[in-house]
file run-v2.cif (mmCIF, N, CA, C and O atoms)
data_final
#
loop_
_atom_site.label_atom_id
_atom_site.label_comp_id
_atom_site.auth_asym_id
_atom_site.auth_seq_id
_atom_site.Cartn_x
_atom_site.Cartn_y
_atom_site.Cartn_z
N MET A 1474 62.24 95.02 -95.13
CA MET A 1474 63.60 95.45 -95.36
C MET A 1474 64.47 94.98 -94.19
O MET A 1474 64.06 95.03 -93.05
N HIS A 1475 65.67 94.52 -94.51
CA HIS A 1475 66.61 94.00 -93.51
C HIS A 1475 67.98 94.63 -93.71
O HIS A 1475 68.36 94.98 -94.84
N CYS A 1476 68.73 94.73 -92.62
CA CYS A 1476 70.11 95.19 -92.69
C CYS A 1476 70.92 94.14 -93.45
O CYS A 1476 70.83 92.95 -93.16
N LEU A 1477 71.69 94.59 -94.42
CA LEU A 1477 72.48 93.66 -95.24
C LEU A 1477 73.53 92.94 -94.41
O LEU A 1477 73.83 91.78 -94.65
N ARG A 1478 74.06 93.60 -93.38
CA ARG A 1478 75.16 93.03 -92.61
C ARG A 1478 74.69 92.09 -91.50
O ARG A 1478 75.22 91.00 -91.34
N CYS A 1479 73.71 92.51 -90.69
CA CYS A 1479 73.32 91.70 -89.53
C CYS A 1479 71.93 91.06 -89.70
O CYS A 1479 71.50 90.32 -88.84
N ASN A 1480 71.26 91.39 -90.77
CA ASN A 1480 69.94 90.85 -91.10
C ASN A 1480 68.84 91.29 -90.12
O ASN A 1480 67.78 90.69 -90.05
N ARG A 1481 69.11 92.34 -89.33
CA ARG A 1481 68.10 92.90 -88.42
C ARG A 1481 66.99 93.53 -89.25
O ARG A 1481 67.25 94.20 -90.24
N GLU A 1482 65.75 93.29 -88.85
CA GLU A 1482 64.61 93.86 -89.59
C GLU A 1482 64.56 95.37 -89.37
O GLU A 1482 64.72 95.87 -88.26
N LEU A 1483 64.35 96.10 -90.46
CA LEU A 1483 64.24 97.55 -90.42
C LEU A 1483 62.82 97.94 -90.83
O LEU A 1483 62.43 97.73 -91.98
N GLY A 1484 62.07 98.47 -89.89
CA GLY A 1484 60.70 98.87 -90.17
C GLY A 1484 60.63 100.16 -90.96
O GLY A 1484 61.60 100.91 -91.06
N ALA A 1485 59.47 100.43 -91.51
CA ALA A 1485 59.25 101.67 -92.26
C ALA A 1485 59.46 102.86 -91.34
O ALA A 1485 58.96 102.90 -90.23
N GLY A 1486 60.25 103.81 -91.77
CA GLY A 1486 60.52 105.00 -90.98
C GLY A 1486 61.58 104.82 -89.91
O GLY A 1486 61.94 105.77 -89.23
N GLN A 1487 62.09 103.61 -89.76
CA GLN A 1487 63.14 103.35 -88.76
C GLN A 1487 64.46 103.92 -89.27
O GLN A 1487 64.73 103.95 -90.47
N LYS A 1488 65.30 104.39 -88.35
CA LYS A 1488 66.59 104.97 -88.71
C LYS A 1488 67.47 103.91 -89.35
O LYS A 1488 67.60 102.81 -88.85
N SER A 1489 68.06 104.27 -90.49
CA SER A 1489 68.95 103.36 -91.20
C SER A 1489 69.70 104.14 -92.26
O SER A 1489 69.45 105.32 -92.48
N VAL A 1490 70.64 103.48 -92.92
CA VAL A 1490 71.35 104.04 -94.07
C VAL A 1490 70.99 103.19 -95.27
O VAL A 1490 71.04 101.97 -95.21
N ALA A 1491 70.60 103.85 -96.35
CA ALA A 1491 70.24 103.12 -97.57
C ALA A 1491 71.18 103.53 -98.70
O ALA A 1491 71.45 104.72 -98.90
N LEU A 1492 71.69 102.55 -99.40
CA LEU A 1492 72.48 102.78 -100.61
C LEU A 1492 71.62 102.32 -101.78
O LEU A 1492 71.06 101.23 -101.75
N TYR A 1493 71.51 103.17 -102.78
CA TYR A 1493 70.76 102.82 -103.98
C TYR A 1493 71.77 102.57 -105.09
O TYR A 1493 72.62 103.40 -105.38
N MET A 1494 71.66 101.39 -105.70
CA MET A 1494 72.60 101.01 -106.74
C MET A 1494 71.87 100.76 -108.05
O MET A 1494 70.84 100.08 -108.07
N PHE A 1495 72.41 101.34 -109.13
CA PHE A 1495 71.91 101.02 -110.45
C PHE A 1495 73.07 101.13 -111.43
O PHE A 1495 74.10 101.73 -111.14
N ALA A 1496 72.91 100.55 -112.59
CA ALA A 1496 73.92 100.59 -113.63
C ALA A 1496 73.33 101.30 -114.85
O ALA A 1496 72.13 101.17 -115.14
N GLN A 1497 74.20 102.06 -115.53
CA GLN A 1497 73.74 102.80 -116.70
C GLN A 1497 74.87 102.84 -117.71
O GLN A 1497 76.04 103.03 -117.35
N THR A 1498 74.54 102.67 -118.98
CA THR A 1498 75.56 102.76 -120.01
C THR A 1498 75.88 104.23 -120.27
O THR A 1498 75.01 105.10 -120.15
N VAL A 1499 77.11 104.48 -120.62
CA VAL A 1499 77.56 105.84 -120.94
C VAL A 1499 78.23 105.80 -122.31
O VAL A 1499 79.07 104.95 -122.57
N GLY A 1500 77.82 106.72 -123.18
CA GLY A 1500 78.40 106.79 -124.51
C GLY A 1500 77.89 105.74 -125.46
O GLY A 1500 78.44 105.54 -126.54
N VAL A 1501 76.86 105.04 -125.07
CA VAL A 1501 76.26 104.00 -125.91
C VAL A 1501 74.82 104.41 -126.19
O VAL A 1501 74.08 104.74 -125.27
N LYS A 1502 74.45 104.41 -127.45
CA LYS A 1502 73.07 104.74 -127.82
C LYS A 1502 72.37 103.48 -128.28
O LYS A 1502 72.96 102.70 -129.02
N PRO A 1503 71.16 103.19 -127.90
CA PRO A 1503 70.40 103.91 -126.90
C PRO A 1503 70.93 103.61 -125.49
O PRO A 1503 71.44 102.52 -125.22
N ARG A 1504 70.78 104.60 -124.61
CA ARG A 1504 71.24 104.44 -123.23
C ARG A 1504 70.40 103.38 -122.53
O ARG A 1504 69.19 103.34 -122.66
N GLN A 1505 71.06 102.52 -121.79
CA GLN A 1505 70.36 101.49 -121.03
C GLN A 1505 70.59 101.75 -119.54
O GLN A 1505 71.66 102.20 -119.13
N LYS A 1506 69.57 101.46 -118.76
CA LYS A 1506 69.65 101.68 -117.32
C LYS A 1506 68.99 100.50 -116.61
O LYS A 1506 67.89 100.08 -116.98
N SER A 1507 69.67 99.97 -115.60
CA SER A 1507 69.10 98.86 -114.83
C SER A 1507 68.12 99.40 -113.79
O SER A 1507 68.06 100.60 -113.53
N ALA A 1508 67.40 98.51 -113.18
CA ALA A 1508 66.53 98.88 -112.06
C ALA A 1508 67.41 99.26 -110.87
O ALA A 1508 68.51 98.74 -110.71
N ALA A 1509 66.93 100.17 -110.05
CA ALA A 1509 67.67 100.57 -108.84
C ALA A 1509 67.38 99.58 -107.72
O ALA A 1509 66.24 99.16 -107.53
N HIS A 1510 68.41 99.21 -107.00
CA HIS A 1510 68.27 98.30 -105.86
C HIS A 1510 68.65 99.07 -104.60
O HIS A 1510 69.61 99.81 -104.57
N ARG A 1511 67.87 98.86 -103.55
CA ARG A 1511 68.12 99.52 -102.27
C ARG A 1511 68.80 98.53 -101.34
O ARG A 1511 68.32 97.43 -101.09
N ILE A 1512 69.93 98.95 -100.78
CA ILE A 1512 70.69 98.16 -99.82
C ILE A 1512 70.67 98.94 -98.51
O ILE A 1512 71.06 100.11 -98.49
N SER A 1513 70.21 98.33 -97.44
CA SER A 1513 70.07 99.04 -96.17
C SER A 1513 71.00 98.50 -95.10
O SER A 1513 71.31 97.31 -95.07
N PHE A 1514 71.41 99.41 -94.21
CA PHE A 1514 72.22 99.08 -93.05
C PHE A 1514 71.60 99.74 -91.83
O PHE A 1514 71.21 100.90 -91.88
N CYS A 1515 71.52 99.01 -90.71
CA CYS A 1515 71.04 99.59 -89.45
C CYS A 1515 72.09 100.59 -88.95
O CYS A 1515 73.24 100.57 -89.40
N PRO A 1516 71.73 101.49 -88.03
CA PRO A 1516 72.70 102.47 -87.53
C PRO A 1516 73.95 101.82 -86.93
O PRO A 1516 75.07 102.30 -87.16
N GLN A 1517 73.79 100.74 -86.16
CA GLN A 1517 74.95 100.11 -85.53
C GLN A 1517 75.92 99.58 -86.58
O GLN A 1517 77.13 99.76 -86.46
N CYS A 1518 75.41 98.91 -87.59
CA CYS A 1518 76.29 98.37 -88.64
C CYS A 1518 76.92 99.49 -89.46
O CYS A 1518 78.07 99.39 -89.87
N SER A 1519 76.18 100.57 -89.70
CA SER A 1519 76.72 101.70 -90.46
C SER A 1519 77.93 102.30 -89.74
O SER A 1519 78.98 102.52 -90.35
N VAL A 1520 77.78 102.55 -88.45
CA VAL A 1520 78.87 103.14 -87.67
C VAL A 1520 80.03 102.15 -87.58
O VAL A 1520 81.20 102.51 -87.73
N SER A 1521 79.73 100.88 -87.34
CA SER A 1521 80.76 99.86 -87.25
C SER A 1521 81.53 99.74 -88.55
O SER A 1521 82.77 99.65 -88.55
N LEU A 1522 80.84 99.74 -89.68
CA LEU A 1522 81.50 99.67 -90.98
C LEU A 1522 82.38 100.89 -91.22
O LEU A 1522 83.51 100.78 -91.70
N ALA A 1523 81.86 102.07 -90.89
CA ALA A 1523 82.61 103.30 -91.13
C ALA A 1523 83.87 103.39 -90.29
O ALA A 1523 84.87 103.96 -90.72
N MET A 1524 83.85 102.81 -89.11
CA MET A 1524 85.00 102.90 -88.21
C MET A 1524 85.98 101.75 -88.41
O MET A 1524 87.07 101.76 -87.84
N GLY A 1525 85.61 100.76 -89.19
CA GLY A 1525 86.47 99.61 -89.41
C GLY A 1525 87.42 99.80 -90.57
O GLY A 1525 87.43 100.83 -91.24
N PRO A 1526 88.22 98.79 -90.83
CA PRO A 1526 89.17 98.87 -91.95
C PRO A 1526 88.44 98.83 -93.29
O PRO A 1526 87.33 98.31 -93.37
N PRO A 1527 89.06 99.36 -94.32
CA PRO A 1527 88.40 99.37 -95.63
C PRO A 1527 88.25 97.95 -96.18
O PRO A 1527 89.13 97.11 -95.97
N PRO A 1528 87.14 97.68 -96.84
CA PRO A 1528 86.94 96.35 -97.41
C PRO A 1528 87.74 96.19 -98.71
O PRO A 1528 88.24 97.17 -99.26
N GLU A 1529 87.83 94.96 -99.18
CA GLU A 1529 88.51 94.70 -100.44
C GLU A 1529 87.53 94.86 -101.60
O GLU A 1529 86.34 94.64 -101.44
N GLY A 1530 88.03 95.27 -102.73
CA GLY A 1530 87.22 95.39 -103.93
C GLY A 1530 86.80 96.83 -104.19
O GLY A 1530 86.45 97.56 -103.27
N ALA A 1531 86.86 97.24 -105.44
CA ALA A 1531 86.58 98.62 -105.81
C ALA A 1531 85.15 99.04 -105.48
O ALA A 1531 84.91 100.13 -104.96
N LEU A 1532 84.18 98.18 -105.76
CA LEU A 1532 82.78 98.51 -105.48
C LEU A 1532 82.53 98.61 -103.98
O LEU A 1532 81.85 99.53 -103.50
N ASN A 1533 83.10 97.69 -103.21
CA ASN A 1533 82.99 97.75 -101.75
C ASN A 1533 83.64 99.01 -101.20
O ASN A 1533 83.12 99.64 -100.27
N MET A 1534 84.77 99.41 -101.75
CA MET A 1534 85.45 100.63 -101.31
C MET A 1534 84.60 101.86 -101.59
O MET A 1534 84.52 102.77 -100.75
N ALA A 1535 83.94 101.90 -102.74
CA ALA A 1535 83.09 103.05 -103.08
C ALA A 1535 81.93 103.16 -102.10
O ALA A 1535 81.62 104.26 -101.61
N ALA A 1536 81.29 102.05 -101.79
CA ALA A 1536 80.18 102.06 -100.83
C ALA A 1536 80.68 102.43 -99.44
O ALA A 1536 80.03 103.20 -98.72
N TRP A 1537 81.83 101.92 -99.04
CA TRP A 1537 82.42 102.22 -97.73
C TRP A 1537 82.71 103.71 -97.60
O TRP A 1537 82.45 104.32 -96.57
N ASP A 1538 83.25 104.31 -98.66
CA ASP A 1538 83.53 105.75 -98.64
C ASP A 1538 82.24 106.55 -98.45
O ASP A 1538 82.23 107.54 -97.71
N MET A 1539 81.18 106.14 -99.11
CA MET A 1539 79.89 106.85 -98.95
C MET A 1539 79.36 106.73 -97.53
O MET A 1539 78.89 107.71 -96.94
N ILE A 1540 79.44 105.53 -96.96
CA ILE A 1540 78.96 105.33 -95.58
C ILE A 1540 79.82 106.14 -94.61
O ILE A 1540 79.30 106.78 -93.70
N ARG A 1541 81.13 106.16 -94.81
CA ARG A 1541 82.02 106.96 -93.94
C ARG A 1541 81.66 108.44 -94.02
O ARG A 1541 81.66 109.13 -93.00
N ASP A 1542 81.37 108.94 -95.21
CA ASP A 1542 80.98 110.34 -95.36
C ASP A 1542 79.70 110.64 -94.59
O ASP A 1542 79.58 111.67 -93.93
N LEU A 1543 78.73 109.74 -94.68
CA LEU A 1543 77.46 109.94 -93.96
C LEU A 1543 77.67 109.91 -92.45
O LEU A 1543 77.16 110.76 -91.73
N VAL A 1544 78.38 108.92 -91.97
CA VAL A 1544 78.60 108.78 -90.53
C VAL A 1544 79.39 109.96 -89.98
O VAL A 1544 79.11 110.46 -88.89
N GLY A 1545 80.34 110.46 -90.74
CA GLY A 1545 81.18 111.56 -90.29
C GLY A 1545 80.55 112.94 -90.45
O GLY A 1545 81.01 113.90 -89.86
N SER A 1546 79.49 113.06 -91.24
CA SER A 1546 78.94 114.38 -91.54
C SER A 1546 78.00 114.92 -90.46
O SER A 1546 77.83 116.13 -90.34
N ASP A 1547 77.38 114.06 -89.69
CA ASP A 1547 76.40 114.50 -88.69
C ASP A 1547 76.37 113.47 -87.57
O ASP A 1547 76.34 112.27 -87.83
N PRO A 1548 76.33 113.90 -86.32
CA PRO A 1548 76.35 112.95 -85.21
C PRO A 1548 75.02 112.20 -85.01
O PRO A 1548 74.95 111.30 -84.19
N ALA A 1549 73.99 112.51 -85.77
CA ALA A 1549 72.68 111.88 -85.57
C ALA A 1549 72.73 110.36 -85.75
O ALA A 1549 72.09 109.62 -85.00
N LEU A 1550 73.46 109.88 -86.73
CA LEU A 1550 73.55 108.43 -86.95
C LEU A 1550 74.29 107.75 -85.81
O LEU A 1550 73.91 106.67 -85.36
N ASN A 1551 75.34 108.38 -85.31
CA ASN A 1551 76.05 107.84 -84.15
C ASN A 1551 75.14 107.79 -82.93
O ASN A 1551 75.15 106.81 -82.18
N HIS A 1552 74.34 108.82 -82.73
CA HIS A 1552 73.40 108.84 -81.60
C HIS A 1552 72.38 107.71 -81.73
O HIS A 1552 72.04 107.05 -80.75
N ALA A 1553 71.89 107.49 -82.96
CA ALA A 1553 70.91 106.41 -83.18
C ALA A 1553 71.53 105.05 -82.86
O ALA A 1553 70.89 104.19 -82.26
N ALA A 1554 72.79 104.87 -83.25
CA ALA A 1554 73.47 103.60 -82.97
C ALA A 1554 73.63 103.41 -81.46
O ALA A 1554 73.40 102.31 -80.93
N TRP A 1555 74.02 104.47 -80.74
CA TRP A 1555 74.21 104.36 -79.29
C TRP A 1555 72.89 104.16 -78.57
O TRP A 1555 72.84 103.49 -77.54
N GLU A 1556 71.79 104.74 -79.08
CA GLU A 1556 70.48 104.51 -78.47
C GLU A 1556 70.13 103.03 -78.50
O GLU A 1556 69.66 102.47 -77.52
N CYS A 1557 70.37 102.39 -79.64
CA CYS A 1557 70.09 100.96 -79.76
C CYS A 1557 70.99 100.15 -78.84
O CYS A 1557 70.55 99.20 -78.20
N LEU A 1558 72.27 100.52 -78.77
CA LEU A 1558 73.20 99.81 -77.89
C LEU A 1558 72.85 100.01 -76.42
O LEU A 1558 72.98 99.10 -75.62
N SER A 1559 72.38 101.20 -76.06
CA SER A 1559 72.00 101.47 -74.67
C SER A 1559 70.86 100.54 -74.25
O SER A 1559 70.83 100.07 -73.12
N GLY A 1560 69.94 100.27 -75.15
CA GLY A 1560 68.86 99.33 -74.85
C GLY A 1560 69.38 97.94 -74.60
O GLY A 1560 68.93 97.24 -73.69
N ILE A 1561 70.37 97.52 -75.38
CA ILE A 1561 70.97 96.20 -75.19
C ILE A 1561 71.76 96.16 -73.89
O ILE A 1561 71.66 95.23 -73.11
N LEU A 1562 72.55 97.21 -73.67
CA LEU A 1562 73.38 97.24 -72.47
C LEU A 1562 72.54 97.33 -71.20
O LEU A 1562 72.94 96.85 -70.15
N GLY A 1563 71.35 97.94 -71.29
CA GLY A 1563 70.48 98.04 -70.13
C GLY A 1563 69.97 96.69 -69.66
O GLY A 1563 69.56 96.53 -68.52
N LEU A 1564 70.03 95.69 -70.54
CA LEU A 1564 69.58 94.35 -70.19
C LEU A 1564 70.65 93.55 -69.46
O LEU A 1564 70.37 92.53 -68.86
N LEU A 1565 71.90 94.02 -69.52
CA LEU A 1565 73.01 93.30 -68.91
C LEU A 1565 73.34 93.90 -67.55
O LEU A 1565 73.27 95.11 -67.37
N PRO A 1566 73.73 93.07 -66.56
CA PRO A 1566 74.14 93.64 -65.27
C PRO A 1566 75.46 94.37 -65.41
O PRO A 1566 76.31 93.97 -66.20
N ALA A 1567 75.62 95.43 -64.66
CA ALA A 1567 76.88 96.18 -64.68
C ALA A 1567 77.98 95.33 -64.08
O ALA A 1567 77.74 94.49 -63.22
N THR A 1568 79.21 95.54 -64.51
CA THR A 1568 80.35 94.79 -63.99
C THR A 1568 80.49 95.03 -62.49
O THR A 1568 80.47 96.15 -62.03
N GLY A 1569 80.62 93.94 -61.73
CA GLY A 1569 80.81 94.05 -60.29
C GLY A 1569 79.52 94.21 -59.51
O GLY A 1569 79.55 94.41 -58.31
N THR A 1570 78.36 94.12 -60.16
CA THR A 1570 77.09 94.30 -59.44
C THR A 1570 76.27 93.03 -59.46
O THR A 1570 75.05 93.06 -59.48
N ASP A 1571 76.92 91.88 -59.46
CA ASP A 1571 76.20 90.61 -59.51
C ASP A 1571 75.82 90.11 -58.12
O ASP A 1571 75.43 88.96 -57.95
N GLY A 1572 75.93 90.97 -57.11
CA GLY A 1572 75.54 90.59 -55.75
C GLY A 1572 76.66 89.95 -54.96
O GLY A 1572 76.49 89.64 -53.79
N LEU A 1573 77.81 89.74 -55.54
CA LEU A 1573 78.94 89.15 -54.85
C LEU A 1573 79.79 90.24 -54.22
O LEU A 1573 79.83 91.37 -54.68
N SER A 1574 80.52 89.88 -53.16
CA SER A 1574 81.37 90.86 -52.50
C SER A 1574 82.65 91.14 -53.28
O SER A 1574 83.29 92.14 -53.08
N ARG A 1575 83.00 90.23 -54.18
CA ARG A 1575 84.20 90.46 -55.00
C ARG A 1575 83.78 90.92 -56.39
O ARG A 1575 82.72 90.55 -56.88
N PRO A 1576 84.59 91.73 -57.05
CA PRO A 1576 84.24 92.19 -58.40
C PRO A 1576 84.31 91.05 -59.40
O PRO A 1576 85.12 90.13 -59.25
N SER A 1577 83.46 91.11 -60.37
CA SER A 1577 83.45 90.10 -61.44
C SER A 1577 84.59 90.39 -62.41
O SER A 1577 84.86 91.52 -62.74
N HIS A 1578 85.25 89.33 -62.88
CA HIS A 1578 86.35 89.50 -63.81
C HIS A 1578 86.01 88.95 -65.18
O HIS A 1578 86.89 88.72 -65.98
N ALA A 1579 84.74 88.73 -65.44
CA ALA A 1579 84.34 88.20 -66.75
C ALA A 1579 84.50 89.28 -67.81
O ALA A 1579 84.10 90.41 -67.62
N ALA A 1580 85.14 88.93 -68.89
CA ALA A 1580 85.32 89.88 -69.99
C ALA A 1580 84.28 89.60 -71.07
O ALA A 1580 83.84 88.47 -71.25
N GLY A 1581 83.89 90.63 -71.77
CA GLY A 1581 82.93 90.45 -72.85
C GLY A 1581 83.05 91.59 -73.83
O GLY A 1581 83.66 92.61 -73.57
N TYR A 1582 82.44 91.41 -75.00
CA TYR A 1582 82.43 92.46 -76.01
C TYR A 1582 81.23 92.27 -76.92
O TYR A 1582 80.62 91.21 -76.94
N PHE A 1583 80.92 93.31 -77.67
CA PHE A 1583 79.85 93.24 -78.65
C PHE A 1583 80.48 93.25 -80.02
O PHE A 1583 81.41 93.98 -80.27
N GLU A 1584 79.99 92.43 -80.91
CA GLU A 1584 80.49 92.39 -82.27
C GLU A 1584 79.32 92.60 -83.21
O GLU A 1584 78.25 92.02 -83.03
N PHE A 1585 79.49 93.47 -84.18
CA PHE A 1585 78.42 93.76 -85.14
C PHE A 1585 78.63 92.99 -86.40
O PHE A 1585 79.67 92.81 -86.87
#
call {"tool": "encode", "arguments": {"input": "run-v2.cif", "output": "structure tokens"}}
result
Amino acid sequence: MHCLRCNRELGAGQKSVALYMFAQTVGVKPRQKSAAHRISFCPQCSVSLAMGPPPEGALNMAAWDMIRDLVGSDPALNHAAWECLSGILGLLPATGTDGLSRPSHAAGYFEF
């Protein structure tokens, strides 16, 4: 299983958000139902998506609303995202600690 947005591998039992999608006829006999598909997002992408602008398209908006509800309902997903980011940030030197007497002015950012 991989994150749909960043393609990061998600192991069994690893923290993530899963959306299950299926289609079903309503008011039509006999009722037909498609197979359910699982779409997964890592914690970082889930939080990033929820905090970003709404996507275009009705189906994308519906999924975005669900992810926003999950991210906003409990801080556990935010904590999981920050735990992963802390591991990444721990690999980078802190600003101004590169051994030089002058502070570093290099700017940088993380993009999900």
call {"tool": "resolve_selection", "arguments": {"input": "run-v2.cif", "expression": "the PyMOL selection byres (((chain A and resi 1521-1536 and name CA) around 10) and name CA)", "output": "list of chain:residue names"}}
result
A:Arg1478, A:Leu1492, A:Tyr1493, A:Met1494, A:Phe1514, A:Cys1515, A:Pro1516, A:Gln1517, A:Cys1518, A:Ser1519, A:Val1520, A:Trp1537, A:Asp1538, A:Met1539, A:Ile1540, A:Arg1541, A:Asp1542, A:Leu1543, A:Val1544, A:Gly1545, A:Asn1551, A:Ala1554, A:Glu1584, A:Phe1585
call {"tool": "atom_distance", "arguments": {"input": "run-v2.cif", "atom1": "atom C of Cys1476 of chain A", "atom2": "atom N of Ala1509 of chain A"}}
result
18.1 Å
call {"tool": "atom_distance", "arguments": {"input": "run-v2.cif", "atom1": "atom O of Glu1482 of chain A", "atom2": "atom CA of Ala1508 of chain A"}}
result
24.1 Å
call {"tool": "atom_distance", "arguments": {"input": "run-v2.cif", "atom1": "atom CA of Gly1486 of chain A", "atom2": "atom CA of Cys1557 of chain A"}}
result
15.3 Å
call {"tool": "residues_around", "arguments": {"input": "run-v2.cif", "residues": "Gln1505 of chain A", "least_positions_apart": "4", "cutoff": "8 Å", "atoms": "only N, CA, C and O atoms", "output": "list in words"}}
result
Phe1495, Ala1496, Gln1497, Thr1498, Val1499 and Val1501 of chain A
call {"tool": "closest_residue", "arguments": {"input": "run-v2.cif", "among": "A:Ile1512, A:His1552, A:Leu1477, A:Ser1507", "to": "Ala1491 of chain A", "atoms": "only N, CA, C and O atoms"}}
result
A:Ile1512
call {"tool": "select_by_dssp", "arguments": {"input": "run-v2.cif", "residues": "segment 1491-1551 of chain A", "states": "helix (DSSP H, G or I)", "output": "VMD selection string"}}
result
chain A and resid 1516 to 1524 1531 to 1546 1549 to 1551
call {"tool": "select_by_dssp", "arguments": {"input": "run-v2.cif", "residues": "segment 1475-1568 of chain A", "states": "strand (DSSP E or B)", "output": "PDB file with N, CA, C and O atoms, keeping the file's coordinate frame"}}
result
ATOM      1  N   HIS A1475      65.670  94.520 -94.510  1.00  0.00           N
ATOM      2  CA  HIS A1475      66.610  94.000 -93.510  1.00  0.00           C
ATOM      3  C   HIS A1475      67.980  94.630 -93.710  1.00  0.00           C
ATOM      4  O   HIS A1475      68.360  94.980 -94.840  1.00  0.00           O
ATOM      5  N   CYS A1476      68.730  94.730 -92.620  1.00  0.00           N
ATOM      6  CA  CYS A1476      70.110  95.190 -92.690  1.00  0.00           C
ATOM      7  C   CYS A1476      70.920  94.140 -93.450  1.00  0.00           C
ATOM      8  O   CYS A1476      70.830  92.950 -93.160  1.00  0.00           O
ATOM      9  N   GLU A1482      65.750  93.290 -88.850  1.00  0.00           N
ATOM     10  CA  GLU A1482      64.610  93.860 -89.590  1.00  0.00           C
ATOM     11  C   GLU A1482      64.560  95.370 -89.370  1.00  0.00           C
ATOM     12  O   GLU A1482      64.720  95.870 -88.260  1.00  0.00           O
ATOM     13  N   VAL A1490      70.640 103.480 -92.920  1.00  0.00           N
ATOM     14  CA  VAL A1490      71.350 104.040 -94.070  1.00  0.00           C
ATOM     15  C   VAL A1490      70.990 103.190 -95.270  1.00  0.00           C
ATOM     16  O   VAL A1490      71.040 101.970 -95.210  1.00  0.00           O
ATOM     17  N   ALA A1491      70.600 103.850 -96.350  1.00  0.00           N
ATOM     18  CA  ALA A1491      70.240 103.120 -97.570  1.00  0.00           C
ATOM     19  C   ALA A1491      71.180 103.530 -98.700  1.00  0.00           C
ATOM     20  O   ALA A1491      71.450 104.720 -98.900  1.00  0.00           O
ATOM     21  N   LEU A1492      71.690 102.550 -99.400  1.00  0.00           N
ATOM     22  CA  LEU A1492      72.480 102.780-100.610  1.00  0.00           C
ATOM     23  C   LEU A1492      71.620 102.320-101.780  1.00  0.00           C
ATOM     24  O   LEU A1492      71.060 101.230-101.750  1.00  0.00           O
ATOM     25  N   TYR A1493      71.510 103.170-102.780  1.00  0.00           N
ATOM     26  CA  TYR A1493      70.760 102.820-103.980  1.00  0.00           C
ATOM     27  C   TYR A1493      71.770 102.570-105.090  1.00  0.00           C
ATOM     28  O   TYR A1493      72.620 103.400-105.380  1.00  0.00           O
ATOM     29  N   MET A1494      71.660 101.390-105.700  1.00  0.00           N
ATOM     30  CA  MET A1494      72.600 101.010-106.740  1.00  0.00           C
ATOM     31  C   MET A1494      71.870 100.760-108.050  1.00  0.00           C
ATOM     32  O   MET A1494      70.840 100.080-108.070  1.00  0.00           O
ATOM     33  N   GLN A1497      74.200 102.060-115.530  1.00  0.00           N
ATOM     34  CA  GLN A1497      73.740 102.800-116.700  1.00  0.00           C
ATOM     35  C   GLN A1497      74.870 102.840-117.710  1.00  0.00           C
ATOM     36  O   GLN A1497      76.040 103.030-117.350  1.00  0.00           O
ATOM     37  N   LYS A1506      69.570 101.460-118.760  1.00  0.00           N
ATOM     38  CA  LYS A1506      69.650 101.680-117.320  1.00  0.00           C
ATOM     39  C   LYS A1506      68.990 100.500-116.610  1.00  0.00           C
ATOM     40  O   LYS A1506      67.890 100.080-116.980  1.00  0.00           O
ATOM     41  N   HIS A1510      68.410  99.210-107.000  1.00  0.00           N
ATOM     42  CA  HIS A1510      68.270  98.300-105.860  1.00  0.00           C
ATOM     43  C   HIS A1510      68.650  99.070-104.600  1.00  0.00           C
ATOM     44  O   HIS A1510      69.610  99.810-104.570  1.00  0.00           O
ATOM     45  N   ARG A1511      67.870  98.860-103.550  1.00  0.00           N
ATOM     46  CA  ARG A1511      68.120  99.520-102.270  1.00  0.00           C
ATOM     47  C   ARG A1511      68.800  98.530-101.340  1.00  0.00           C
ATOM     48  O   ARG A1511      68.320  97.430-101.090  1.00  0.00           O
ATOM     49  N   ILE A1512      69.930  98.950-100.780  1.00  0.00           N
ATOM     50  CA  ILE A1512      70.690  98.160 -99.820  1.00  0.00           C
ATOM     51  C   ILE A1512      70.670  98.940 -98.510  1.00  0.00           C
ATOM     52  O   ILE A1512      71.060 100.110 -98.490  1.00  0.00           O
ATOM     53  N   SER A1513      70.210  98.330 -97.440  1.00  0.00           N
ATOM     54  CA  SER A1513      70.070  99.040 -96.170  1.00  0.00           C
ATOM     55  C   SER A1513      71.000  98.500 -95.100  1.00  0.00           C
ATOM     56  O   SER A1513      71.310  97.310 -95.070  1.00  0.00           O
ATOM     57  N   PHE A1514      71.410  99.410 -94.210  1.00  0.00           N
ATOM     58  CA  PHE A1514      72.220  99.080 -93.050  1.00  0.00           C
ATOM     59  C   PHE A1514      71.600  99.740 -91.830  1.00  0.00           C
ATOM     60  O   PHE A1514      71.210 100.900 -91.880  1.00  0.00           O
TER      61      PHE A1514
END
